[in-house]
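Report on the structure given below.
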Amino acid sequence: MRPLSDYLNSFLFVELLRAMRMTARHMLFRRSITLEFPEERTPKSPRFRGHLALRRYPNGEERCIACKLCEAVCPALAITIDSYERSDGTRRTTRYDIDLFKCIYCGFCEESCPVDSIVLTRLDTFHMEQNEERVVNKDQLLAMGDKYESQLAADRAADAPYR
Amino acid sequence: MFETLFWHAAKIWAVLIPLFLAVAYLTYTERRVIGHMQDRRGPNRVGPRGLLQPIADALKLLFKEIVIPTYANRALFLIAPTMTIMPALAAWAVIPFGDGMAIADINAGLLYILAMTSLGVYGLLIAGWASNSKYAVIGTLRAAAQVISYEIAMGFALVGVLMAAGTMNLGGIVEAQRGPFWEWFWLPLLPLFLTYWIAGVAETNRAPFDIAEGESEIVAGFHVEYSGMAFAVFFLAEYANMLLISFLAATLFLGGWHSPVEGLPVLGPALAWVPGTIWLILKAAFFAFCYLWFRATFPRYRYDQLMRLGWKVLIPVTVVWLVVLTGLIYGGVGPWF
């Protein structure tokens, strides 16, 4: 009996029609899951690792103390730091460069930072128009931090209980 | 003399311009329909709801360079696209869009169609051979074997239509199907109708029979080396052929320009105002939609499975049904004979 029903199934296109019913159902009743990218964006986790930024304390003092832990931990050797002794005796950076082409956005720099200075923002879309622009310097990183400070602080607070 | 020439040209353009528009928007419909079947959206950025997308695509292809490979046979390489589009457009000459509304109302219409659809594959063969590329040659070999195999099944299916209608004139075939939808040929010729449609999908090298293209195995088959407008011409020919097969299926098996409720007591007069051409286009549109539906649903046939289906399933089915059909015709069964 089995071969006979197999014959009938293939001659009556039973399985083909079942498959076509499924695609028709998806076309008619299922909503498309596509997001219209520039207007719609996917929701992001507080732990999202995007473009890098340097943060400041609320009084405007930059957090970075030039300990160079991030430079040491960076697996891609993307960070370059030079430091000096400021007049008040603290160690500060004169140079804090990140090569965005080398950076792999692993987040180790943020993990290693004792003062939560270097952080990864939620910014996932950015571009450069010149090759040299791949290296972002301290001013650009601080500006990035200033721009997203409220978001950064909120994300760190949200993640704090799990650390 | 000049006047007749002018009218012939006018008739040709009256078919070709809507045909080109239909081809352009078939590509758009394809991307939208398959997109929605796969829970995507399809092109929706160029113009309202993406409606200008085909025009943008055409412009892009027009401005692109036609790259001719160094070791290609230049003359054949450039002739091949023309050889595919020529029969794809020429076959439209005999399609009756309404009562007596064919460019050429010839008595051997069915043979002409068969000849034109088979000629199309020569363009493919020459394209693959002239490209002098491995993938193109493999695609060409596959296309040749496939078209030869499926042409037989298709020819037999058309023989059935010929026997039932008693004429090769396409207008005559539609006339023989006068009446409501159960008097059309799809019912007495059901196995032939399905065979014709499967063979038609295979003839146009469309999914699930697109092994000549097989983008996942042999890149694009016969047209790997083509770019710009030369590629667009292949594309145009493929879609014109799809529409042609759809219109033929509607003409030969679904009563052409006849309304599905013709001759019925209430519905018949109520829908009598709809012109026959609209009915024909609606029927053909259903088949064209099926092309897209199949492509979104079925995976590609393996080469040996394709051959098995053609030779060991479709051809026996048609032969058996031709014998049955002979009996039906001699017995004068049903309203058809």
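Chain identifiers are assigned as A, B, and so on, following the order in which chains appear in the structure tokens; residues are numbered from 1 within each chain, and ligands are numbered from 1 in order of appearance.
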
Pick out the residues sitting within 10 Å of region 60-74 of chain B, and hand them over as a ChimeraX atom specification; count only C-alpha atoms, and ignore anything fewer than 4 positions along from it in its own chain. /B:54-56,78-79,126-133,225-233

Go ahead and dump the residues you just picked, C-alpha atoms, as a PDB file, in the first residue's frame.
```
ATOM      1  CA  PRO B  54      12.757  48.803 -12.474  1.00  0.00           C
ATOM      2  CA  ILE B  55      13.429  52.122 -14.179  1.00  0.00           C
ATOM      3  CA  ALA B  56      16.403  52.777 -11.909  1.00  0.00           C
ATOM      4  CA  LEU B  78      27.638  40.028 -28.828  1.00  0.00           C
ATOM      5  CA  ILE B  79      25.196  38.207 -31.119  1.00  0.00           C
ATOM      6  CA  ILE B 126      26.158  30.487 -28.187  1.00  0.00           C
ATOM      7  CA  ALA B 127      26.448  32.761 -25.155  1.00  0.00           C
ATOM      8  CA  GLY B 128      27.939  29.989 -23.039  1.00  0.00           C
ATOM      9  CA  TRP B 129      30.291  28.800 -25.728  1.00  0.00           C
ATOM     10  CA  ALA B 130      31.436  32.256 -26.832  1.00  0.00           C
ATOM     11  CA  SER B 131      32.245  33.304 -23.249  1.00  0.00           C
ATOM     12  CA  ASN B 132      35.047  30.725 -23.138  1.00  0.00           C
ATOM     13  CA  SER B 133      34.530  30.169 -19.428  1.00  0.00           C
ATOM     14  CA  GLU B 225      30.634  36.841 -18.360  1.00  0.00           C
ATOM     15  CA  TYR B 226      27.901  39.258 -19.407  1.00  0.00           C
ATOM     16  CA  SER B 227      27.480  42.722 -17.949  1.00  0.00           C
ATOM     17  CA  GLY B 228      25.577  45.927 -18.604  1.00  0.00           C
ATOM     18  CA  MET B 229      23.002  45.982 -21.354  1.00  0.00           C
ATOM     19  CA  ALA B 230      24.051  42.584 -22.764  1.00  0.00           C
ATOM     20  CA  PHE B 231      23.111  41.035 -19.439  1.00  0.00           C
ATOM     21  CA  ALA B 232      19.907  43.066 -19.349  1.00  0.00           C
ATOM     22  CA  VAL B 233      18.908  41.649 -22.722  1.00  0.00           C
TER      23      VAL B 233
END
```

Tell me which protein, DNA and RNA residues are within 10 Å of Met168 (chain B), counting only C-alpha atoms, leaving out same-chain ones fewer than 6 positions away, and put them as number ranges by chain. B: 106-112, 158-159, 161-162

Put those residues in a file: C-alpha atoms, as a PDB file, in the first residue's frame.
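result10.pdb written:
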```
ATOM      1  CA  ILE B 106      -1.477  32.138 -39.078  1.00  0.00           C
ATOM      2  CA  ASN B 107      -2.813  28.612 -39.298  1.00  0.00           C
ATOM      3  CA  ALA B 108       0.389  26.946 -38.064  1.00  0.00           C
ATOM      4  CA  GLY B 109       0.413  29.115 -34.920  1.00  0.00           C
ATOM      5  CA  LEU B 110       1.122  26.250 -32.541  1.00  0.00           C
ATOM      6  CA  LEU B 111       4.062  25.008 -34.622  1.00  0.00           C
ATOM      7  CA  TYR B 112       5.392  28.536 -34.864  1.00  0.00           C
ATOM      8  CA  LEU B 158       0.551  20.584 -27.362  1.00  0.00           C
ATOM      9  CA  VAL B 159      -0.387  17.594 -29.534  1.00  0.00           C
ATOM     10  CA  VAL B 161      -4.425  20.532 -27.475  1.00  0.00           C
ATOM     11  CA  LEU B 162      -4.207  20.097 -31.215  1.00  0.00           C
TER      12      LEU B 162
END
```

Could the residues of chain A within 10 Å of chain B, counting only C-alpha atoms, be given as a PDB file with C-alpha atoms, in the first residue's frame, please?
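Below is the file part-v3.pdb, written as the result:
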```
ATOM      1  CA  PHE A  11       1.116  12.728  -8.881  1.00  0.00           C
ATOM      2  CA  LEU A  16       4.330  20.701  -3.333  1.00  0.00           C
ATOM      3  CA  LEU A  17       0.911  22.197  -2.657  1.00  0.00           C
ATOM      4  CA  ARG A  18       1.550  22.040   1.074  1.00  0.00           C
ATOM      5  CA  ALA A  19       4.788  23.965   0.588  1.00  0.00           C
ATOM      6  CA  MET A  20       3.063  26.525  -1.609  1.00  0.00           C
ATOM      7  CA  ARG A  21       0.364  26.960   1.025  1.00  0.00           C
ATOM      8  CA  MET A  22       3.052  27.801   3.535  1.00  0.00           C
ATOM      9  CA  THR A  23       4.729  30.449   1.372  1.00  0.00           C
ATOM     10  CA  ALA A  24       1.331  31.942   0.527  1.00  0.00           C
ATOM     11  CA  ARG A  25       0.519  32.123   4.213  1.00  0.00           C
ATOM     12  CA  HIS A  26       3.763  33.927   4.920  1.00  0.00           C
ATOM     13  CA  MET A  27       3.058  36.396   2.146  1.00  0.00           C
ATOM     14  CA  LEU A  28      -0.510  37.138   3.207  1.00  0.00           C
ATOM     15  CA  PHE A  29      -0.553  36.899   6.987  1.00  0.00           C
ATOM     16  CA  ARG A  30       2.972  37.200   8.364  1.00  0.00           C
ATOM     17  CA  ARG A  31       4.364  40.673   8.953  1.00  0.00           C
ATOM     18  CA  SER A  32       7.781  41.281   7.484  1.00  0.00           C
ATOM     19  CA  ILE A  33      10.514  41.452  10.082  1.00  0.00           C
ATOM     20  CA  THR A  34      12.668  43.889   8.129  1.00  0.00           C
ATOM     21  CA  LEU A  35      13.559  47.159   9.860  1.00  0.00           C
ATOM     22  CA  GLU A  36      13.809  50.204   7.609  1.00  0.00           C
TER      23      GLU A  36
END
```

What is the distance between CA of Leu120 (chain A) and CA of Gly107 (chain A), in Å to one decimal?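 Going from CA of Leu120 (chain A) over to CA of Gly107 (chain A), I get 6.9 Å.
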
Compile the contact shell of region 57-71 of chain A as a ChimeraX atom specification: residues with an atom at most 10 Å away, counting only C-alpha atoms, same-chain residues fewer than 3 positions apart removed. /A:54,74-84,90-98,107-118,142,146,149

Residues of the last selection are to be written out with C-alpha atoms, as a PDB file, in the first residue's frame.
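Below you can see result17.pdb, which holds the result:
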```pdb
ATOM      1  CA  LEU A  54      36.565  59.024  26.992  1.00  0.00           C
ATOM      2  CA  CYS A  74      44.465  45.901  23.950  1.00  0.00           C
ATOM      3  CA  PRO A  75      44.846  42.708  21.843  1.00  0.00           C
ATOM      4  CA  ALA A  76      44.951  44.664  18.595  1.00  0.00           C
ATOM      5  CA  LEU A  77      47.486  47.264  19.805  1.00  0.00           C
ATOM      6  CA  ALA A  78      45.062  49.978  18.741  1.00  0.00           C
ATOM      7  CA  ILE A  79      45.713  52.362  21.666  1.00  0.00           C
ATOM      8  CA  THR A  80      48.690  54.714  21.989  1.00  0.00           C
ATOM      9  CA  ILE A  81      49.152  56.798  25.167  1.00  0.00           C
ATOM     10  CA  ASP A  82      51.740  59.415  26.176  1.00  0.00           C
ATOM     11  CA  SER A  83      51.673  60.946  29.675  1.00  0.00           C
ATOM     12  CA  TYR A  84      53.131  63.818  31.718  1.00  0.00           C
ATOM     13  CA  THR A  90      48.777  64.037  38.993  1.00  0.00           C
ATOM     14  CA  ARG A  91      49.659  61.913  35.958  1.00  0.00           C
ATOM     15  CA  ARG A  92      47.709  62.889  32.853  1.00  0.00           C
ATOM     16  CA  THR A  93      47.732  62.001  29.141  1.00  0.00           C
ATOM     17  CA  THR A  94      49.193  64.227  26.477  1.00  0.00           C
ATOM     18  CA  ARG A  95      48.133  61.836  23.807  1.00  0.00           C
ATOM     19  CA  TYR A  96      45.401  59.215  23.649  1.00  0.00           C
ATOM     20  CA  ASP A  97      45.020  57.815  20.124  1.00  0.00           C
ATOM     21  CA  ILE A  98      42.885  54.907  19.021  1.00  0.00           C
ATOM     22  CA  GLY A 107      35.751  45.983  25.266  1.00  0.00           C
ATOM     23  CA  PHE A 108      38.876  44.851  27.166  1.00  0.00           C
ATOM     24  CA  CYS A 109      39.974  48.488  27.570  1.00  0.00           C
ATOM     25  CA  GLU A 110      36.713  49.331  29.280  1.00  0.00           C
ATOM     26  CA  GLU A 111      37.044  46.218  31.534  1.00  0.00           C
ATOM     27  CA  SER A 112      40.594  47.128  32.497  1.00  0.00           C
ATOM     28  CA  CYS A 113      39.974  50.817  33.188  1.00  0.00           C
ATOM     29  CA  PRO A 114      40.128  51.517  36.955  1.00  0.00           C
ATOM     30  CA  VAL A 115      38.323  54.846  36.628  1.00  0.00           C
ATOM     31  CA  ASP A 116      35.689  54.028  33.971  1.00  0.00           C
ATOM     32  CA  SER A 117      37.323  56.486  31.619  1.00  0.00           C
ATOM     33  CA  ILE A 118      37.551  54.639  28.308  1.00  0.00           C
ATOM     34  CA  LEU A 142      36.385  63.324  24.963  1.00  0.00           C
ATOM     35  CA  ASP A 146      30.542  64.548  26.402  1.00  0.00           C
ATOM     36  CA  GLU A 149      27.489  61.119  28.778  1.00  0.00           C
TER      37      GLU A 149
END
```

Counting only C-alpha atoms, figure out which residue out of B:Ile138, B:Leu187, B:Leu26, B:Ile315 gets nearest to Leu124 (chain B).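 Using only C-alpha atoms, the shortest distance to Leu124 (chain B) belongs to B:Ile138.
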
Just want the 8 Å neighbourhood of region 86-98 of chain B, counted on only C-alpha atoms, with same-chain residues fewer than 5 positions away dropped. Output as a list in words.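 In the requested form, the answer reads Ile12, Val15, Leu16, Ile103, Ala104, Asp105, Ile106, Gly109, Tyr112, Ile113, Met116, Thr117, Leu119, Gly120, Leu170, Gly171, Ala237, Glu238, Ala240, Asn241, Leu244, Phe247, Leu248, Thr251, Gly256, Trp257, Gly276, Thr277 and Leu280 of chain B.
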
Among chain A, which ones does DSSP place in alpha helix (DSSP H), written as a PyMOL selection string? chain A and resi 2-11+14-29+69-73+108-112+138-159

One decimal place gives the CA of Pro46 (chain A)-CA of Asp155 (chain A) separation as 4.8 Å

If you count only C-alpha atoms, which residues fall within 6 Å of Gly50 (chain A), apart from same-chain ones fewer than 5 positions away, as JSON, numbers by chain? {"A": [120, 121, 122, 123, 124]}
